[in-house]
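Down below is the structure, laid out as structure tokens.
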Amino acid sequence: MIDGSPTSVRAATSEAVLALAPRDVRACVVRLSPTCHGEGDHDFLASLVAMARAHGVSGYLGDGANRWPAVHRLDAARLFRLAVEKAPAGSVLHGVAEEGVAIRDVAEVIGRHLGVPVSSVAPEDAVGHFSWLGGFLGLDAPASHTLTGELLDWRPVHPGLIEDLDKGH
């Protein structure tokens, strides 16, 4: 059932795509990491930077040990190419280079680059501080590309999330 949440819309889209496989359509799903980063990123990381600037603090929820998978956008692009060229119909592929980067580590790099303090934000203040990310930022969501790598011989080679952030991207 689609309730309008990002998770239900994503699941419904995946189901619709995979339903084409038995109809002789070589359809597959590529599930990208929520942190698909690289020079010119305007999504998740750019939002965290903007929030840190606006609040004067680079925050994380709780102890910040929760992890999010990450992939460099150039590695993700290569995965899409391999999916089109080689993925069997009905494949579900994971665009994940790093299984889980601690959100506190991300906040620390942002804080260091902006020259603002880094601190925990109470869960009840998450939406007030992080806006639309408040409901997601506390999730611990590690993921792996092991099966995708084996199926398509895909090995991420571009910088990791923390290294990329340290470069200012």
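Residues are named by chain letter and number: chains run A, B, ... in the order of the structure tokens, numbers start at 1 in each chain, and ligands are numbered from 1 in the order shown.
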
Near region 71-87 of chain A, within 10 Å and counting only C-alpha atoms, which residues show up once chain neighbours fewer than 2 positions away are dropped, as a ChimeraX atom specification?
-> /A:26-41,69,89-99,148-149,151-161,164

Would you kindly return, as a VMD selection string, each protein, DNA or RNA residue with an atom no farther than 10 Å from any atom of Arg112 (chain A), considering only C-alpha atoms and excluding same-chain residues fewer than 6 positions away?
-> chain A and resid 58 118 166

Could you pull out all residues of chain A with a DSSP call of strand (DSSP E or B) and give them as a PyMOL selection string?
-> chain A and resi 29-32+35-37+58-61+67-72+92-95+98-102+118-121

Can you work out which one of A:Ile162, A:Val17, A:Ala143, A:Ile110 has the shortest atom-to-atom distance to Gly56 (chain A), counting only C-alpha atoms?
-> A:Ile110

Select from region 2-90 of chain A everything DSSP, run on the backbone, classes as alpha helix (DSSP H), then give the selection as a VMD selection string.
-> chain A and resid 6 to 18 44 to 55 73 to 86

Restricting the output to N, CA, C and O atoms, write the selected residues as a short mmCIF file (atom, residue, chain, number, x, y, z; two decimals), in the first residue's frame.
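Output file selection-v3.cif follows:
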data_model
loop_
_atom_site.label_atom_id
_atom_site.label_comp_id
_atom_site.auth_asym_id
_atom_site.auth_seq_id
_atom_site.Cartn_x
_atom_site.Cartn_y
_atom_site.Cartn_z
N PRO A 6 8.29 8.17 1.53
CA PRO A 6 9.35 7.79 0.60
C PRO A 6 9.58 6.28 0.53
O PRO A 6 9.84 5.73 -0.52
N THR A 7 9.42 5.60 1.68
CA THR A 7 9.64 4.15 1.70
C THR A 7 8.57 3.42 0.91
O THR A 7 8.88 2.52 0.13
N SER A 8 7.31 3.80 1.07
CA SER A 8 6.25 3.08 0.36
C SER A 8 6.29 3.38 -1.14
O SER A 8 6.04 2.49 -1.95
N VAL A 9 6.62 4.61 -1.51
CA VAL A 9 6.73 4.94 -2.93
C VAL A 9 7.89 4.17 -3.56
O VAL A 9 7.76 3.62 -4.66
N ARG A 10 8.99 4.09 -2.85
CA ARG A 10 10.15 3.35 -3.36
C ARG A 10 9.83 1.87 -3.51
O ARG A 10 10.15 1.25 -4.52
N ALA A 11 9.15 1.30 -2.53
CA ALA A 11 8.77 -0.12 -2.60
C ALA A 11 7.81 -0.38 -3.75
O ALA A 11 7.95 -1.36 -4.48
N ALA A 12 6.83 0.50 -3.92
CA ALA A 12 5.85 0.33 -5.01
C ALA A 12 6.53 0.43 -6.37
O ALA A 12 6.21 -0.34 -7.29
N THR A 13 7.46 1.34 -6.50
CA THR A 13 8.19 1.48 -7.76
C THR A 13 9.00 0.23 -8.05
O THR A 13 9.00 -0.28 -9.18
N SER A 14 9.70 -0.28 -7.04
CA SER A 14 10.49 -1.51 -7.21
C SER A 14 9.60 -2.67 -7.63
O SER A 14 9.94 -3.43 -8.54
N GLU A 15 8.47 -2.81 -6.97
CA GLU A 15 7.55 -3.90 -7.31
C GLU A 15 7.06 -3.78 -8.75
O GLU A 15 6.97 -4.78 -9.47
N ALA A 16 6.73 -2.57 -9.18
CA ALA A 16 6.25 -2.36 -10.55
C ALA A 16 7.33 -2.71 -11.57
O ALA A 16 7.05 -3.35 -12.59
N VAL A 17 8.55 -2.31 -11.31
CA VAL A 17 9.66 -2.61 -12.22
C VAL A 17 9.91 -4.12 -12.28
O VAL A 17 10.00 -4.70 -13.36
N LEU A 18 10.00 -4.75 -11.11
CA LEU A 18 10.30 -6.19 -11.08
C LEU A 18 9.16 -7.02 -11.67
O LEU A 18 9.40 -8.12 -12.19
N PHE A 44 21.46 15.11 0.21
CA PHE A 44 21.59 14.82 1.63
C PHE A 44 22.71 15.62 2.30
O PHE A 44 22.49 16.32 3.28
N LEU A 45 23.92 15.51 1.78
CA LEU A 45 25.05 16.17 2.43
C LEU A 45 24.96 17.68 2.34
O LEU A 45 25.25 18.39 3.30
N ALA A 46 24.54 18.18 1.19
CA ALA A 46 24.38 19.62 1.04
C ALA A 46 23.33 20.14 2.03
O ALA A 46 23.48 21.23 2.58
N SER A 47 22.29 19.34 2.26
CA SER A 47 21.25 19.73 3.22
C SER A 47 21.82 19.78 4.63
O SER A 47 21.53 20.71 5.40
N LEU A 48 22.64 18.80 5.01
CA LEU A 48 23.25 18.81 6.34
C LEU A 48 24.17 20.01 6.53
O LEU A 48 24.20 20.62 7.59
N VAL A 49 24.91 20.35 5.49
CA VAL A 49 25.79 21.52 5.55
C VAL A 49 24.96 22.79 5.72
O VAL A 49 25.26 23.64 6.57
N ALA A 50 23.89 22.92 4.96
CA ALA A 50 23.03 24.10 5.05
C ALA A 50 22.41 24.21 6.44
O ALA A 50 22.31 25.31 7.00
N MET A 51 22.00 23.08 7.00
CA MET A 51 21.41 23.09 8.34
C MET A 51 22.44 23.48 9.39
O MET A 51 22.14 24.22 10.33
N ALA A 52 23.66 23.00 9.25
CA ALA A 52 24.73 23.36 10.19
C ALA A 52 25.02 24.86 10.12
O ALA A 52 25.22 25.51 11.15
N ARG A 53 25.02 25.40 8.91
CA ARG A 53 25.23 26.85 8.76
C ARG A 53 24.09 27.62 9.42
O ARG A 53 24.33 28.59 10.14
N ALA A 54 22.87 27.20 9.15
CA ALA A 54 21.69 27.91 9.67
C ALA A 54 21.61 27.88 11.19
O ALA A 54 21.25 28.88 11.81
N HIS A 55 21.97 26.75 11.80
CA HIS A 55 21.85 26.60 13.25
C HIS A 55 23.14 26.94 14.00
O HIS A 55 23.13 27.00 15.23
N ARG A 73 29.05 9.18 -6.51
CA ARG A 73 28.14 9.19 -7.67
C ARG A 73 28.76 8.64 -8.94
O ARG A 73 28.05 8.11 -9.79
N LEU A 74 30.09 8.70 -9.09
CA LEU A 74 30.72 8.12 -10.27
C LEU A 74 30.70 6.58 -10.20
O LEU A 74 30.55 5.91 -11.22
N ASP A 75 30.83 6.03 -8.99
CA ASP A 75 30.69 4.58 -8.82
C ASP A 75 29.24 4.17 -9.10
O ASP A 75 28.98 3.12 -9.71
N ALA A 76 28.29 4.99 -8.65
CA ALA A 76 26.88 4.70 -8.90
C ALA A 76 26.59 4.72 -10.39
O ALA A 76 25.86 3.86 -10.91
N ALA A 77 27.15 5.69 -11.10
CA ALA A 77 26.94 5.77 -12.55
C ALA A 77 27.46 4.51 -13.25
O ALA A 77 26.81 3.98 -14.16
N ARG A 78 28.62 4.04 -12.81
CA ARG A 78 29.18 2.81 -13.40
C ARG A 78 28.27 1.62 -13.11
O ARG A 78 28.08 0.76 -13.96
N LEU A 79 27.68 1.59 -11.92
CA LEU A 79 26.76 0.50 -11.59
C LEU A 79 25.54 0.53 -12.51
O LEU A 79 25.10 -0.52 -12.99
N PHE A 80 24.99 1.69 -12.79
CA PHE A 80 23.85 1.77 -13.70
C PHE A 80 24.23 1.26 -15.10
O PHE A 80 23.45 0.55 -15.74
N ARG A 81 25.43 1.61 -15.56
CA ARG A 81 25.88 1.11 -16.86
C ARG A 81 25.97 -0.40 -16.85
O ARG A 81 25.48 -1.08 -17.77
N LEU A 82 26.58 -0.97 -15.82
CA LEU A 82 26.68 -2.43 -15.72
C LEU A 82 25.31 -3.09 -15.62
O LEU A 82 25.09 -4.17 -16.17
N ALA A 83 24.39 -2.44 -14.93
CA ALA A 83 23.03 -2.99 -14.81
C ALA A 83 22.38 -3.09 -16.18
O ALA A 83 21.77 -4.11 -16.52
N VAL A 84 22.52 -2.05 -16.99
CA VAL A 84 21.94 -2.06 -18.33
C VAL A 84 22.62 -3.13 -19.20
O VAL A 84 21.96 -3.84 -19.95
N GLU A 85 23.92 -3.26 -19.07
CA GLU A 85 24.67 -4.19 -19.92
C GLU A 85 24.56 -5.65 -19.48
O GLU A 85 24.51 -6.54 -20.34
N LYS A 86 24.54 -5.91 -18.17
CA LYS A 86 24.75 -7.29 -17.71
C LYS A 86 23.76 -7.85 -16.70
O LYS A 86 23.74 -9.06 -16.47
#

Exercise: Leu61 (chain A) partners within 12 Å, only C-alpha atoms, chain neighbours under 5 positions left out, as a PyMOL selection string = chain A and resi 66-67+102-107+118-127+129-130+133-140
